[in-house]
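Asks: There's a structure below that I have some questions on.
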Amino acid sequence: MNLYLTSPLPFRFDGSLWAGNQAIGRLRRLRRLGAERHSPSSPGPTGARSLTALLKARSLTGVLLVGLTGGIGSGKSTVAELLVARGAWIVDADAVARAVVEPGMPALEQLVDRFGTEILDADGRLDRPALGRIAFADEQSRKDLEGITHPAINEEFTRRVLEAPKGSIVVCDVPLLVESTQAGSRGYRVVLVVEAPREVKLARLEARGMPRVDAQARMEAQATDEERREVATHLIDNSGDRDHLQRQVDAIWADLVHRNAETGKERRTPSVRSWGAAFRARLRLRARGGPAGGD
């Protein structure tokens with residue numbers, strides 16, 4: 001089985017390539033993911049350039065940007081750990097969302113200014129349930145919450161991506177990659193989707209101490225498996241044991257390494273169009289009696 005796919009169609013690592021209208025639809029959706037849908041500039045060190053543009057510019061200088069997503073209970077975090085063990089640079093969206101509202105951070109101060117000190121606990125840290133009760137009470141409050149937190153999250157997320165060493169495979173662990181327009185506009189070259197049957201996910205969540213009714217409610221609030229598959233380049237079946245999962249991750253990692261190497265070649269090799277333009281420029285210089293250069 002050739003894992004080094006030139007086609008961006010979703011690939012199951014049991015050897016079967018999805019085809020037909022579903023695959024075409026996913027390809028179109030993936031291409032839309034890579035487009036800049038909207039990217040207003042955020043204040044701070046990024047300046048006037050959009051964060052999406054910065055990510056694209058940085059990717060041209062040496063990183064492969066990979067999105068990793070999956071529903072609650074799918075085992076996405078386990079896949080992230082396995083990728084880290086193989087050398088991936090991980091940016092965790094949940095960790096970023098927590099970091100930007102730590103005490104002393106501007107976003108937390110803005111939240112307090114907007115929603116009051118009742119969103120803080122006794123230690124001055126954000127009380128998330130209290131914030132949720134207030135911020136989701138009406139549409140305007142929800143928009144105000146997003147207006148404060150989303151720019152802060154995007155700026156910190158981008159900063160962590162830009163810290164990746166040249167040549168890195170940067171895996172962005174984003175639970176709501178499909179649901180969030182901001183997350184989906186970052187221009188991922190590859191999207192990994194982790195799946196597991198509904199009952200398997202429920203059993204895992206119950207084993208963590210989450211009541212079944214709460215687990216079901218959270219699953220219903222997220223995107224469906226079908227919606228995630230529409231943006232996937234690789235599907236990871238996490239319904240089996242760890243060895244089964246490791247074999248899939250090994251195959252995917254080999255593919256990512258290959259893609260990253262090929263991307264590097266593209267960056268180092270001028271395109272045919274570039275060579276043609278250079279040749280025509282030299283002919284024009286010679287016709288005018290100017291220096292040919294390089295001869």
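The chains in the structure tokens are called A, B, ... from first to last as shown; in each chain the residues are counted from 1, and the ligands are counted from 1 in the order shown.
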For the contact check between segment 169-221 of chain A and segment 234-253 of chain A, emit one row per residue of segment 169-221 of chain A within 6 Å, containing the shortest atom pair and the distance in Å rounded to one decimal, counting only C-alpha atoms, chain then rising number order, as JSON lines.
Replies:
{"residue": "A:Leu192", "atom": "CA", "partner": "A:His234", "partner_atom": "CA", "distance": 4.9}
{"residue": "A:Val193", "atom": "CA", "partner": "A:Leu235", "partner_atom": "CA", "distance": 5.0}
{"residue": "A:Val194", "atom": "CA", "partner": "A:Ile236", "partner_atom": "CA", "distance": 4.7}
{"residue": "A:Glu195", "atom": "CA", "partner": "A:Asp237", "partner_atom": "CA", "distance": 5.2}
{"residue": "A:Ala196", "atom": "CA", "partner": "A:Ser239", "partner_atom": "CA", "distance": 4.9}
Asks: Identify, on the basis of only C-alpha atoms, every residue whose closest approach to Ala97 of chain A does not exceed 6 Å; exclude the query and any residue fewer than 3 positions from it along the same chain; express the result as a ChimeraX atom specification.
Replies: /A:94,100,153
Asks: Please, which residues of segment 26-254 of chain A, numbered as in this document, come out alpha helix (DSSP H) from DSSP, as a ChimeraX atom specification?
Replies: /A:26-34,51-59,76-85,93-99,106-115,128-135,139-162,181-184,198-207,212-221,225-229,242-254
Asks: Atom CA of Arg259 of chain A to atom CA of Val79 of chain A: how many Å, to one decimal?
Replies: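 Here the two named atoms are 19.0 Å from each other.
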Asks: What residues in segment 35-199 of chain A get the DSSP label strand (DSSP E or B)? Please answer as a PyMOL selection string.
Replies: chain A and resi 64-70+89-92+120+126+169-173+190-195
Asks: Save the residues we just selected, N, CA and C atoms, as a CSV table (one decimal), in the first residue's frame?
Replies:
chain,number,residue,atom,x,y,z
A,64,LEU,N,5.0,22.1,8.1
A,64,LEU,CA,3.8,21.4,7.5
A,64,LEU,C,2.7,21.6,8.6
A,65,LEU,N,1.6,22.3,8.2
A,65,LEU,CA,0.5,22.6,9.2
A,65,LEU,C,-0.6,21.5,9.1
A,66,VAL,N,-0.8,20.8,10.2
A,66,VAL,CA,-1.7,19.7,10.3
A,66,VAL,C,-2.8,20.0,11.3
A,67,GLY,N,-4.0,19.8,10.9
A,67,GLY,CA,-5.1,19.9,11.9
A,67,GLY,C,-5.5,18.5,12.4
A,68,LEU,N,-5.7,18.4,13.7
A,68,LEU,CA,-6.1,17.2,14.4
A,68,LEU,C,-7.4,17.4,15.1
A,69,THR,N,-8.5,16.7,14.8
A,69,THR,CA,-9.8,16.9,15.5
A,69,THR,C,-10.5,15.6,15.7
A,70,GLY,N,-11.6,15.6,16.4
A,70,GLY,CA,-12.4,14.4,16.7
A,70,GLY,C,-13.4,14.7,17.8
A,89,TRP,N,5.3,18.8,16.6
A,89,TRP,CA,5.2,20.0,17.4
A,89,TRP,C,3.7,20.2,17.6
A,90,ILE,N,3.2,20.1,18.8
A,90,ILE,CA,1.8,20.2,19.1
A,90,ILE,C,1.4,21.6,19.6
A,91,VAL,N,0.3,22.1,19.0
A,91,VAL,CA,-0.3,23.3,19.6
A,91,VAL,C,-1.7,22.9,20.0
A,92,ASP,N,-2.0,22.9,21.3
A,92,ASP,CA,-3.3,22.5,21.8
A,92,ASP,C,-4.2,23.6,22.0
A,120,LEU,N,-15.2,35.5,38.8
A,120,LEU,CA,-13.9,35.1,39.4
A,120,LEU,C,-14.2,34.2,40.6
A,126,LEU,N,-10.6,32.6,36.8
A,126,LEU,CA,-11.8,32.5,36.1
A,126,LEU,C,-12.7,31.4,36.5
A,169,ILE,N,6.8,19.4,11.7
A,169,ILE,CA,5.4,19.0,11.4
A,169,ILE,C,4.6,19.5,12.6
A,170,VAL,N,3.8,20.6,12.3
A,170,VAL,CA,3.0,21.2,13.4
A,170,VAL,C,1.6,20.7,13.4
A,171,VAL,N,1.3,20.0,14.5
A,171,VAL,CA,-0.1,19.4,14.6
A,171,VAL,C,-0.9,20.3,15.6
A,172,CYS,N,-2.0,20.8,15.0
A,172,CYS,CA,-2.8,21.7,15.8
A,172,CYS,C,-4.0,20.9,16.3
A,173,ASP,N,-4.0,20.6,17.6
A,173,ASP,CA,-5.1,19.8,18.3
A,173,ASP,C,-6.3,20.7,18.5
A,190,VAL,N,-3.1,19.3,5.9
A,190,VAL,CA,-3.6,18.0,6.2
A,190,VAL,C,-4.6,18.1,7.4
A,191,VAL,N,-5.6,17.3,7.4
A,191,VAL,CA,-6.6,17.2,8.5
A,191,VAL,C,-6.8,15.8,8.9
A,192,LEU,N,-6.4,15.5,10.2
A,192,LEU,CA,-6.6,14.1,10.8
A,192,LEU,C,-7.9,14.1,11.6
A,193,VAL,N,-8.7,13.2,11.3
A,193,VAL,CA,-10.0,13.1,12.1
A,193,VAL,C,-10.0,11.7,12.8
A,194,VAL,N,-10.1,11.8,14.1
A,194,VAL,CA,-10.2,10.6,15.0
A,194,VAL,C,-11.6,10.2,15.2
A,195,GLU,N,-11.9,8.9,15.0
A,195,GLU,CA,-13.3,8.4,15.1
A,195,GLU,C,-13.4,7.2,16.0
Asks: In Å, with one decimal, what is the gap from atom CA of Leu145 of chain A to atom CA of Leu111 of chain A?
Replies: 7.3 Å
Asks: Which neighbours of segment 102-107 of chain A fall inside 7 Å, counting only C-alpha atoms, when residues of the same chain fewer than 2 positions from it are skipped, and could you give them as a ChimeraX atom specification?
Replies: /A:98-100,109-111,124-125,148-149,152
Asks: Set the distance at 10 Å and use only C-alpha atoms: which residues neighbour Asn154 of chain A once local chain neighbours fewer than 2 positions away are removed? I'd like the list as an NGL selection string.
Replies: :A and (42 or 51-52 or 93 or 96-97 or 100 or 149-152 or 156-160 or 182-183 or 186)
Asks: Neighbours of Arg212 of chain A within 10 Å (only C-alpha atoms; same-chain residues fewer than 6 positions away dropped), as a PyMOL selection string?
Replies: chain A and resi 202-203+205-206+218
Asks: How far is it from atom CA of Ser168 of chain A to atom CA of Val63 of chain A, in Å with one decimal?
Replies: 4.9 Å
